[in-house]
file input10.tsv (TSV, C-alpha atoms)
chain	number	residue	atom	x	y	z
D	1	MET	CA	-5.05	11.51	-12.68
D	2	GLY	CA	-2.94	8.65	-13.93
D	3	LEU	CA	-2.17	7.64	-17.49
D	4	ILE	CA	-5.84	7.99	-18.43
D	5	PRO	CA	-7.73	11.23	-17.79
D	6	ASP	CA	-10.32	10.54	-15.11
D	7	PHE	CA	-13.26	11.94	-17.07
D	8	ILE	CA	-12.70	9.34	-19.82
D	9	LEU	CA	-13.11	6.52	-17.31
D	10	ASP	CA	-16.59	7.86	-16.58
D	11	TYR	CA	-17.59	6.64	-20.04
D	12	VAL	CA	-15.39	3.65	-20.88
D	13	SER	CA	-13.60	0.95	-18.92
D	14	ASP	CA	-9.84	0.87	-18.55
D	15	ASN	CA	-9.53	-2.04	-21.00
D	16	THR	CA	-11.82	-0.38	-23.55
D	17	PHE	CA	-9.78	2.81	-23.39
D	18	TRP	CA	-6.49	1.05	-24.09
D	19	THR	CA	-8.11	-1.00	-26.86
D	20	ILE	CA	-9.45	2.12	-28.57
D	21	LEU	CA	-6.09	3.86	-28.19
D	22	PHE	CA	-4.28	0.89	-29.71
D	23	ILE	CA	-6.69	0.65	-32.65
D	24	VAL	CA	-6.35	4.38	-33.34
D	25	HIS	CA	-2.56	4.02	-33.15
D	26	ALA	CA	-2.70	1.15	-35.63
D	27	LEU	CA	-5.04	2.98	-38.02
D	28	LEU	CA	-2.81	6.06	-37.98
D	29	ALA	CA	0.15	3.79	-38.72
D	30	VAL	CA	-1.69	2.35	-41.72
D	31	ALA	CA	-2.35	5.85	-43.05
D	32	LEU	CA	1.27	6.84	-42.49
D	33	LEU	CA	2.54	3.67	-44.16
D	34	GLY	CA	0.34	4.27	-47.19
D	35	ALA	CA	1.36	7.90	-47.57
D	36	LEU	CA	5.07	7.20	-47.19
D	37	THR	CA	4.98	4.20	-49.51
D	38	HIS	CA	3.27	6.19	-52.25
D	39	GLN	CA	5.79	8.98	-51.84
D	40	ALA	CA	8.83	6.67	-51.70
D	41	VAL	CA	7.77	4.84	-54.85
D	42	ALA	CA	7.16	8.20	-56.52
D	43	VAL	CA	10.73	9.34	-55.86
D	44	LEU	CA	12.31	5.96	-56.65
D	45	MET	CA	10.38	5.43	-59.90
D	46	PRO	CA	9.14	8.84	-61.02
D	47	VAL	CA	6.51	8.73	-63.74
D	48	ARG	CA	7.53	10.23	-67.04
D	49	GLN	CA	4.91	11.50	-69.43
D	50	PRO	CA	5.48	9.53	-72.63
D	51	VAL	CA	3.80	10.96	-75.68
D	52	GLY	CA	0.98	8.79	-76.90
D	53	ALA	CA	0.88	6.65	-73.81
D	54	GLY	CA	-2.34	4.79	-73.23
D	55	VAL	CA	-4.28	4.42	-70.01
D	56	PRO	CA	-1.79	4.04	-67.16
D	57	GLY	CA	-1.80	0.77	-65.22
D	58	PHE	CA	-2.13	0.26	-61.48
D	59	VAL	CA	1.60	0.48	-60.77
D	60	THR	CA	1.94	3.65	-62.78
D	61	ARG	CA	-0.99	5.24	-61.00
D	62	PHE	CA	0.43	4.08	-57.65
D	63	ARG	CA	3.70	5.94	-58.23
D	64	ALA	CA	2.17	8.93	-59.98
D	65	VAL	CA	1.09	10.62	-56.78
D	66	HIS	CA	1.71	14.29	-56.11
D	67	GLY	CA	4.61	13.88	-53.65
D	68	PRO	CA	4.66	17.34	-52.05
D	69	GLY	CA	1.02	17.00	-51.13
D	70	TYR	CA	1.88	14.23	-48.68
D	71	ALA	CA	4.59	16.05	-46.72
D	72	VAL	CA	2.49	17.79	-44.07
D	73	ALA	CA	0.23	14.74	-43.65
D	74	VAL	CA	3.26	12.48	-43.13
D	75	CYS	CA	4.73	14.82	-40.50
D	76	VAL	CA	1.44	15.11	-38.62
D	77	LEU	CA	0.77	11.38	-38.83
D	78	TRP	CA	4.27	10.49	-37.64
D	79	ILE	CA	4.00	12.82	-34.63
D	80	VAL	CA	0.48	11.75	-33.64
D	81	THR	CA	1.25	8.05	-34.14
D	82	PHE	CA	4.44	8.53	-32.11
D	83	PHE	CA	2.51	10.22	-29.31
D	84	PHE	CA	-0.11	7.48	-29.14
D	85	GLY	CA	2.57	4.80	-29.33
D	86	ALA	CA	4.49	6.44	-26.50
D	87	TRP	CA	1.32	6.49	-24.43
D	88	ILE	CA	0.59	2.81	-25.10
D	89	TYR	CA	4.22	1.99	-24.30
D	90	THR	CA	3.53	2.48	-20.58
D	91	LYS	CA	0.94	-0.28	-20.68
D	92	TYR	CA	3.14	-2.42	-22.92
D	93	ARG	CA	6.06	-2.22	-20.50
D	94	MET	CA	3.97	-3.56	-17.65
D	95	TYR	CA	1.59	-6.04	-19.24
D	96	VAL	CA	3.19	-7.17	-22.51
D	97	ARG	CA	6.95	-7.01	-22.20
D	98	ILE	CA	7.17	-8.83	-18.89
D	99	PRO	CA	5.19	-11.89	-20.11
D	100	ILE	CA	7.17	-11.84	-23.39
D	101	GLU	CA	10.41	-11.99	-21.41
D	102	GLN	CA	9.05	-14.71	-19.18
D	103	ALA	CA	8.19	-16.71	-22.29
D	104	GLY	CA	11.73	-16.23	-23.58
D	105	TYR	CA	10.83	-14.32	-26.75
D	106	TRP	CA	14.03	-12.29	-26.57
D	107	LYS	CA	14.41	-11.54	-30.28
D	108	THR	CA	10.80	-10.38	-30.45
D	109	GLN	CA	11.51	-7.99	-27.61
D	110	GLY	CA	14.74	-6.91	-29.30
D	111	VAL	CA	13.07	-5.93	-32.57
D	112	PHE	CA	10.47	-3.99	-30.61
D	113	GLU	CA	13.25	-2.03	-28.90
D	114	LEU	CA	14.68	-1.29	-32.34
D	115	LYS	CA	11.26	-0.09	-33.46
D	116	GLU	CA	11.21	2.41	-30.60
D	117	HIS	CA	14.68	3.64	-31.58
D	118	MET	CA	13.62	4.11	-35.21
D	119	ALA	CA	10.56	6.08	-34.17
D	120	VAL	CA	12.74	8.67	-32.41
D	121	ILE	CA	15.31	8.85	-35.22
D	122	GLY	CA	12.47	9.29	-37.70
D	123	LEU	CA	11.16	12.12	-35.58
D	124	GLY	CA	14.50	13.84	-36.00
D	125	LEU	CA	14.21	13.58	-39.78
D	126	LEU	CA	10.81	15.26	-40.01
D	127	PRO	CA	11.89	18.94	-40.12
D	128	ILE	CA	14.34	18.40	-42.98
D	129	TYR	CA	11.90	16.05	-44.74
D	130	TRP	CA	9.26	18.78	-44.62
D	131	TYR	CA	11.76	21.38	-45.80
D	132	PHE	CA	12.91	19.25	-48.75
D	133	TRP	CA	9.36	18.60	-49.90
D	134	LYS	CA	8.29	22.22	-49.50
D	135	ASN	CA	11.17	23.03	-51.84
D	136	ALA	CA	10.41	20.25	-54.29
D	137	ARG	CA	11.15	22.51	-57.24
D	138	ASN	CA	14.73	23.00	-56.11
D	139	PRO	CA	16.89	20.35	-57.83
D	140	GLU	CA	19.61	20.89	-55.20
D	141	TYR	CA	17.50	18.85	-52.79
D	142	ASP	CA	16.38	16.07	-55.15
D	143	SER	CA	18.92	13.47	-54.02
D	144	ALA	CA	18.63	14.20	-50.31
D	145	ARG	CA	14.83	14.35	-50.52
D	146	LYS	CA	14.84	10.91	-52.11
D	147	GLY	CA	17.15	9.54	-49.40
D	148	VAL	CA	15.17	10.99	-46.50
D	149	THR	CA	11.83	9.85	-47.93
D	150	VAL	CA	12.98	6.30	-48.62
D	151	THR	CA	14.62	6.10	-45.18
D	152	LEU	CA	11.41	7.19	-43.46
D	153	ALA	CA	9.39	4.74	-45.55
D	154	ALA	CA	11.78	1.88	-44.67
D	155	PHE	CA	11.60	2.78	-40.96
D	156	CYS	CA	7.81	2.94	-41.16
D	157	TRP	CA	7.54	-0.48	-42.81
D	158	PHE	CA	9.82	-2.03	-40.18
D	159	MET	CA	7.90	-0.44	-37.32
D	160	PHE	CA	4.56	-1.45	-38.77
D	161	LEU	CA	5.58	-5.07	-39.23
D	162	VAL	CA	7.15	-5.30	-35.78
D	163	GLY	CA	4.03	-3.83	-34.21
D	164	HIS	CA	1.99	-6.41	-36.04
D	165	ILE	CA	4.25	-9.24	-34.87
D	166	LEU	CA	4.08	-8.03	-31.27
D	167	ASN	CA	0.31	-7.96	-31.46
D	168	ASN	CA	0.39	-11.54	-32.76
D	169	VAL	CA	2.63	-12.60	-29.89
D	170	ARG	CA	0.61	-10.94	-27.16
D	171	GLY	CA	-2.18	-8.77	-28.38
D	172	PHE	CA	-5.91	-8.79	-27.91
D	173	GLY	CA	-7.25	-11.70	-25.94
D	174	SER	CA	-3.89	-12.65	-24.47
K	1	MET	CA	18.24	12.52	-60.09
K	2	SER	CA	15.10	13.89	-61.57
K	3	THR	CA	11.90	13.89	-59.63
K	4	ALA	CA	9.91	14.39	-62.82
K	5	THR	CA	6.58	16.08	-62.95
K	6	ASN	CA	4.83	14.21	-60.19
K	7	THR	CA	7.17	15.30	-57.45
K	8	SER	CA	8.07	18.78	-58.54
K	9	SER	CA	4.92	20.42	-59.72
K	10	GLY	CA	2.87	22.47	-57.38
K	11	ALA	CA	5.35	22.48	-54.54
K	12	ALA	CA	4.68	25.27	-52.13
K	13	THR	CA	7.78	27.33	-51.74
K	14	SER	CA	6.10	30.54	-50.74
K	15	GLY	CA	5.92	29.82	-47.02
K	16	SER	CA	8.38	31.80	-44.95
K	17	LEU	CA	9.65	28.75	-43.09
K	18	ALA	CA	10.05	26.76	-46.30
K	19	SER	CA	12.24	29.51	-47.78
K	20	SER	CA	14.13	30.26	-44.59
K	21	VAL	CA	17.88	29.64	-44.63
K	22	ALA	CA	17.86	29.55	-40.83
K	23	PHE	CA	15.26	26.79	-40.79
K	24	ARG	CA	17.25	24.83	-43.33
K	25	SER	CA	20.31	25.07	-41.06
K	26	PHE	CA	18.28	24.04	-38.04
K	27	ALA	CA	16.62	21.11	-39.79
K	28	THR	CA	19.89	19.88	-41.34
K	29	VAL	CA	21.77	19.82	-38.06
K	30	PHE	CA	18.75	18.46	-36.16
K	31	ALA	CA	18.49	15.53	-38.58
K	32	ILE	CA	22.20	14.73	-38.45
K	33	VAL	CA	22.73	14.97	-34.70
K	34	THR	CA	19.49	13.27	-33.57
K	35	PRO	CA	20.64	9.72	-34.39
K	36	VAL	CA	24.10	10.43	-32.96
K	37	ILE	CA	22.79	11.81	-29.67
K	38	TYR	CA	20.07	9.19	-29.36
K	39	THR	CA	22.56	6.36	-29.93
K	40	ALA	CA	24.86	7.84	-27.30
K	41	CYS	CA	21.96	8.21	-24.86
K	42	GLU	CA	20.93	4.62	-25.41
K	43	MET	CA	24.41	3.16	-25.13
K	44	ARG	CA	25.56	5.33	-22.21
K	45	ASN	CA	22.10	5.38	-20.59
K	46	TRP	CA	21.62	9.14	-20.33
K	47	PRO	CA	17.89	9.70	-19.82
K	48	LEU	CA	16.72	13.17	-18.85
K	49	PHE	CA	14.28	11.42	-16.54
K	50	THR	CA	13.21	7.93	-15.55
K	51	TYR	CA	9.57	6.89	-15.56
K	52	HIS	CA	8.24	4.20	-13.23
K	53	PRO	CA	5.01	2.95	-14.84
K	54	GLY	CA	4.06	0.80	-11.86
K	55	THR	CA	3.79	3.77	-9.53
K	56	ASN	CA	3.42	6.55	-12.13
K	57	LYS	CA	6.44	8.35	-10.65
K	58	VAL	CA	9.18	10.26	-12.44
K	59	ASP	CA	12.79	10.68	-11.30
K	60	LEU	CA	15.19	13.18	-12.77
K	61	PHE	CA	17.98	11.56	-14.81
K	62	TRP	CA	18.73	7.85	-14.38
K	63	ALA	CA	17.14	5.92	-11.56
K	64	ALA	CA	17.05	2.20	-10.86
K	65	ALA	CA	13.82	0.23	-10.75
K	66	VAL	CA	12.41	0.10	-7.22
K	67	LYS	CA	11.98	-3.37	-5.76
K	68	ASP	CA	8.36	-4.61	-5.90
K	69	GLU	CA	7.25	-1.45	-7.75
K	70	GLY	CA	7.71	-2.65	-11.33
K	71	PRO	CA	10.21	-1.72	-14.02
K	72	ALA	CA	11.85	1.60	-14.80
K	73	MET	CA	11.50	3.12	-18.29
K	74	TYR	CA	14.32	5.12	-19.83
K	75	TRP	CA	13.13	5.50	-23.45
K	76	TYR	CA	11.11	8.64	-22.68
K	77	GLY	CA	14.15	10.14	-20.99
K	78	TRP	CA	16.48	9.27	-23.86
K	79	THR	CA	13.99	10.81	-26.28
K	80	ALA	CA	13.73	14.00	-24.21
K	81	THR	CA	17.53	14.30	-23.90
K	82	THR	CA	17.90	13.77	-27.65
K	83	LEU	CA	15.25	16.26	-28.75
K	84	ILE	CA	16.46	18.98	-26.37
K	85	VAL	CA	20.17	18.63	-27.20
K	86	ALA	CA	19.50	18.28	-30.93
K	87	GLY	CA	17.17	21.29	-30.77
K	88	VAL	CA	19.81	23.42	-29.05
K	89	LEU	CA	22.48	22.37	-31.55
K	90	GLY	CA	20.05	23.08	-34.38
K	91	LEU	CA	19.40	26.56	-33.01
K	92	LEU	CA	23.14	27.18	-32.68
K	93	ALA	CA	23.53	26.14	-36.32
K	94	THR	CA	21.22	28.96	-37.36
K	95	LYS	CA	23.90	31.40	-36.15
K	96	LEU	CA	26.50	29.95	-38.50
K	97	PRO	CA	27.15	31.64	-41.82
K	98	GLU	CA	25.31	30.13	-44.76
K	99	SER	CA	28.62	29.40	-46.49
K	100	THR	CA	29.63	27.18	-43.58
K	101	MET	CA	26.32	25.35	-43.55
K	102	ARG	CA	26.52	24.71	-47.28
K	103	LYS	CA	29.68	22.71	-46.71
K	104	ILE	CA	27.65	20.08	-44.84
K	105	PRO	CA	26.50	17.42	-47.34
K	106	LEU	CA	22.71	17.15	-47.24
K	107	SER	CA	22.96	13.40	-47.78
K	108	LEU	CA	24.25	13.17	-44.20
K	109	THR	CA	20.70	13.82	-43.03
K	110	TRP	CA	19.57	10.33	-43.98
K	111	ILE	CA	22.96	8.56	-43.98
K	112	ALA	CA	23.44	9.38	-40.27
K	113	SER	CA	20.03	7.88	-39.51
K	114	LEU	CA	20.78	4.69	-41.42
K	115	ALA	CA	24.27	4.44	-39.95
K	116	ALA	CA	22.84	4.52	-36.43
K	117	ILE	CA	20.80	1.36	-37.03
K	118	PRO	CA	23.62	-1.22	-37.00
K	119	VAL	CA	25.08	0.46	-33.92
K	120	LEU	CA	21.72	0.27	-32.17
K	121	ILE	CA	21.33	-3.37	-33.24
K	122	TYR	CA	24.70	-4.02	-31.61
K	123	ALA	CA	23.57	-2.13	-28.51
K	124	LEU	CA	20.60	-4.48	-28.30
K	125	ARG	CA	22.83	-7.59	-28.41
K	126	PHE	CA	21.37	-8.73	-25.09
K	127	PHE	CA	18.18	-9.65	-26.96
K	128	TRP	CA	19.74	-11.58	-29.86
K	129	ARG	CA	19.76	-14.94	-28.11
K	130	TRP	CA	19.35	-18.18	-30.02
call {"tool": "encode", "arguments": {"input": "input10.tsv", "output": "structure tokens"}}
result
Amino acid sequence: MGLIPDFILDYVSDNTFWTILFIVHALLAVALLGALTHQAVAVLMPVRQPVGAGVPGFVTRFRAVHGPGYAVAVCVLWIVTFFFGAWIYTKYRMYVRIPIEQAGYWKTQGVFELKEHMAVIGLGLLPIYWYFWKNARNPEYDSARKGVTVTLAAFCWFMFLVGHILNNVRGFGS
Amino acid sequence: MSTATNTSSGAATSGSLASSVAFRSFATVFAIVTPVIYTACEMRNWPLFTYHPGTNKVDLFWAAAVKDEGPAMYWYGWTATTLIVAGVLGLLATKLPESTMRKIPLSLTWIASLAAIPVLIYALRFFWRW
């Protein structure tokens, strides 16, 4: 057995498998980005409850999410997206990075390396992120929770955009 | 800072792990040392193992790419080194008295992560060609 379990190749081709894996990775990243963005905006611009306020607008509703409810989902999504990304990375190293280097897209390759670094550092933040959000009623953690959440959201945005750029440079159909 | 109603209401604090002082110590140290160890691994090239995707082989610690067999990958090895060392340090932190752990500013958890980024950008200077 190589990088793909043999029984899977009984049903789909090698290319189809990697395509499905990449799409799942990308969809998980979208979900993670959405969850973290909602949560980050919620801690940066918490919604107050003004007396007599009318119907809240889009922005207010966007930041009025229940932050603690996202914590477990964000941890699971980060880990699963990380795992799929790490799996795809083997293929990337052989069939994407080498042509990118041959084409001289050094900065593109550099930002992808930084994306990989951020993914690991973000992984290290997950236990304390989870702990802070599970203790969301404790004001002692308010500042640190805000910092960790915004940091993870910033990392996620960077990684998402870099992944998108890499796919534009040498993605499907290349 | 106030998290207002949307971030504070309904938080589950009843779970044993969520109320555990030991877990807090572990998670705090794990978050702070992960970027430090990872940056050191990247800059000093300390992978726990090297993966050769062309041949699907794994070597313990650092190994050079084999001629005509494709590149060598170290990122998996750096990640493994980082998670294991940070995990051990986190576990050791659970043995420290709570008073000692409380002296560590919690803001370091995210500041250490952000501080590692410019260092890693510098470490990647090979790629910043114009």
call {"tool": "residues_near_point", "arguments": {"input": "input10.tsv", "point": "(12.0, 16.4, -29.1)", "cutoff": "12 Å", "atoms": "only C-alpha atoms", "output": "number ranges by chain"}}
result
D: 79, 82-83, 119-127; K: 30-31, 34, 37-38, 48, 76-88, 90
call {"tool": "closest_residue", "arguments": {"input": "input10.tsv", "among": "K:Met43, K:Ile104, K:Ala64, K:Leu89", "to": "Leu124 of chain K", "atoms": "all atoms listed in the file"}}
result
K:Met43
call {"tool": "closest_atom_pairs", "arguments": {"input": "input10.tsv", "of": "segment 5-122 of chain K", "to": "segment 109-115 of chain D", "cutoff": "12 Å", "atoms": "all atoms listed in the file", "output": "tab-separated table"}}
result
residue	atom	partner	partner_atom	distance
K:Thr39	CA	D:Leu114	CA	11.2
K:Glu42	CA	D:Glu113	CA	10.7
K:Met73	CA	D:Glu113	CA	11.9
K:Tyr74	CA	D:Glu113	CA	11.6
K:Trp75	CA	D:Glu113	CA	9.3
K:Ala116	CA	D:Leu114	CA	10.8
K:Ile117	CA	D:Leu114	CA	8.2
K:Pro118	CA	D:Leu114	CA	10.1
K:Val119	CA	D:Leu114	CA	10.7
K:Leu120	CA	D:Leu114	CA	7.2
K:Ile121	CA	D:Leu114	CA	7.0
K:Tyr122	CA	D:Leu114	CA	10.4
call {"tool": "interface_residues", "arguments": {"input": "input10.tsv", "of": "chain D", "to": "chain K", "cutoff": "8 Å", "atoms": "all atoms listed in the file", "output": "ChimeraX atom specification"}}
result
/D:2-3,42-43,46-48,64-69,86,90-91,93-94,106-107,109-110,113-114,117-118,120-122,124-128,131,133-137,139,141-144,147-148,151
call {"tool": "axis_aligned_box", "arguments": {"input": "input10.tsv", "around": "segment 105-112 of chain D", "padding_each_side": "4 Å", "output": "JSON"}}
result
{"center_x": 12.6, "center_y": -9.2, "center_z": -29.6, "size_x": 12.3, "size_y": 18.3, "size_z": 14.0}
call {"tool": "decode", "arguments": {"input": "input10.tsv", "residues": "segment 51-63 of chain K", "atoms": "all heavy atoms", "output": "compact mmCIF listing (two decimals), in the first residue's frame"}}
result
# COMPACT_ATOMS: atom_id res chain seq x y z
N TYR K 51 11.00 11.95 4.86
CA TYR K 51 10.14 11.16 3.97
C TYR K 51 10.57 11.39 2.52
O TYR K 51 10.79 12.53 2.11
CB TYR K 51 8.68 11.58 4.15
CG TYR K 51 7.74 10.87 3.21
CD1 TYR K 51 7.61 9.49 3.23
CD2 TYR K 51 6.99 11.59 2.30
CE1 TYR K 51 6.76 8.84 2.36
CE2 TYR K 51 6.12 10.95 1.42
CZ TYR K 51 6.02 9.57 1.46
OH TYR K 51 5.19 8.92 0.59
N HIS K 52 10.70 10.31 1.79
CA HIS K 52 11.06 10.38 0.37
C HIS K 52 9.83 10.02 -0.45
O HIS K 52 9.52 8.82 -0.61
CB HIS K 52 12.21 9.41 0.06
CG HIS K 52 13.43 9.63 0.90
ND1 HIS K 52 14.45 10.50 0.56
CD2 HIS K 52 13.80 9.11 2.10
CE1 HIS K 52 15.39 10.49 1.49
NE2 HIS K 52 15.02 9.65 2.45
N PRO K 53 9.09 11.02 -0.96
CA PRO K 53 7.82 10.73 -1.63
C PRO K 53 7.99 9.94 -2.94
O PRO K 53 7.09 9.22 -3.35
CB PRO K 53 7.23 12.12 -1.90
CG PRO K 53 8.39 13.04 -1.89
CD PRO K 53 9.38 12.46 -0.93
N GLY K 54 9.14 10.06 -3.57
CA GLY K 54 9.35 9.36 -4.83
C GLY K 54 9.39 7.85 -4.67
O GLY K 54 8.94 7.10 -5.54
N THR K 55 9.93 7.42 -3.53
CA THR K 55 10.06 5.98 -3.28
C THR K 55 9.21 5.51 -2.11
O THR K 55 9.22 4.32 -1.79
CB THR K 55 11.54 5.63 -2.99
OG1 THR K 55 11.99 6.50 -1.93
CG2 THR K 55 12.40 5.85 -4.22
N ASN K 56 8.52 6.46 -1.46
CA ASN K 56 7.67 6.14 -0.32
C ASN K 56 8.48 5.54 0.84
O ASN K 56 8.00 4.68 1.57
CB ASN K 56 6.55 5.17 -0.74
CG ASN K 56 5.33 5.30 0.14
OD1 ASN K 56 5.11 6.34 0.76
ND2 ASN K 56 4.53 4.26 0.22
N LYS K 57 9.71 5.99 0.99
CA LYS K 57 10.57 5.49 2.07
C LYS K 57 10.72 6.54 3.16
O LYS K 57 10.62 7.74 2.90
CB LYS K 57 11.95 5.13 1.52
CG LYS K 57 11.97 3.86 0.69
CD LYS K 57 13.38 3.58 0.19
CE LYS K 57 13.41 2.33 -0.68
NZ LYS K 57 14.70 2.16 -1.36
N VAL K 58 11.00 6.07 4.37
CA VAL K 58 11.19 6.96 5.51
C VAL K 58 12.54 6.65 6.15
O VAL K 58 12.88 5.48 6.37
CB VAL K 58 10.07 6.77 6.56
CG1 VAL K 58 10.33 7.62 7.79
CG2 VAL K 58 8.71 7.12 5.96
N ASP K 59 13.31 7.70 6.42
CA ASP K 59 14.57 7.56 7.16
C ASP K 59 14.43 8.24 8.50
O ASP K 59 13.76 9.28 8.61
CB ASP K 59 15.72 8.25 6.40
CG ASP K 59 16.18 7.42 5.22
OD1 ASP K 59 16.27 6.20 5.37
OD2 ASP K 59 16.44 8.02 4.15
N LEU K 60 15.05 7.69 9.51
CA LEU K 60 15.03 8.33 10.82
C LEU K 60 15.93 9.57 10.78
O LEU K 60 17.00 9.54 10.18
CB LEU K 60 15.51 7.35 11.90
CG LEU K 60 15.21 7.73 13.35
CD1 LEU K 60 13.71 7.87 13.58
CD2 LEU K 60 15.79 6.69 14.30
N PHE K 61 15.47 10.63 11.40
CA PHE K 61 16.18 11.92 11.45
C PHE K 61 16.41 12.49 10.04
O PHE K 61 15.68 12.16 9.13
CB PHE K 61 17.49 11.79 12.24
CG PHE K 61 17.27 11.25 13.63
CD1 PHE K 61 17.84 10.06 14.04
CD2 PHE K 61 16.45 11.93 14.54
CE1 PHE K 61 17.62 9.55 15.31
CE2 PHE K 61 16.23 11.44 15.81
CZ PHE K 61 16.82 10.24 16.19
N TRP K 62 17.45 13.28 9.90
CA TRP K 62 17.67 13.96 8.62
C TRP K 62 18.37 13.02 7.64
O TRP K 62 19.29 12.29 8.00
CB TRP K 62 18.53 15.21 8.84
CG TRP K 62 18.69 16.04 7.59
CD1 TRP K 62 17.89 17.04 7.17
CD2 TRP K 62 19.72 15.90 6.60
NE1 TRP K 62 18.33 17.54 5.97
CE2 TRP K 62 19.45 16.86 5.59
CE3 TRP K 62 20.81 15.05 6.44
CZ2 TRP K 62 20.26 17.01 4.47
CZ3 TRP K 62 21.62 15.19 5.30
CH2 TRP K 62 21.34 16.17 4.34
N ALA K 63 17.90 13.07 6.41
CA ALA K 63 18.57 12.30 5.35
C ALA K 63 18.50 13.11 4.07
O ALA K 63 17.51 13.80 3.81
CB ALA K 63 17.88 10.95 5.16
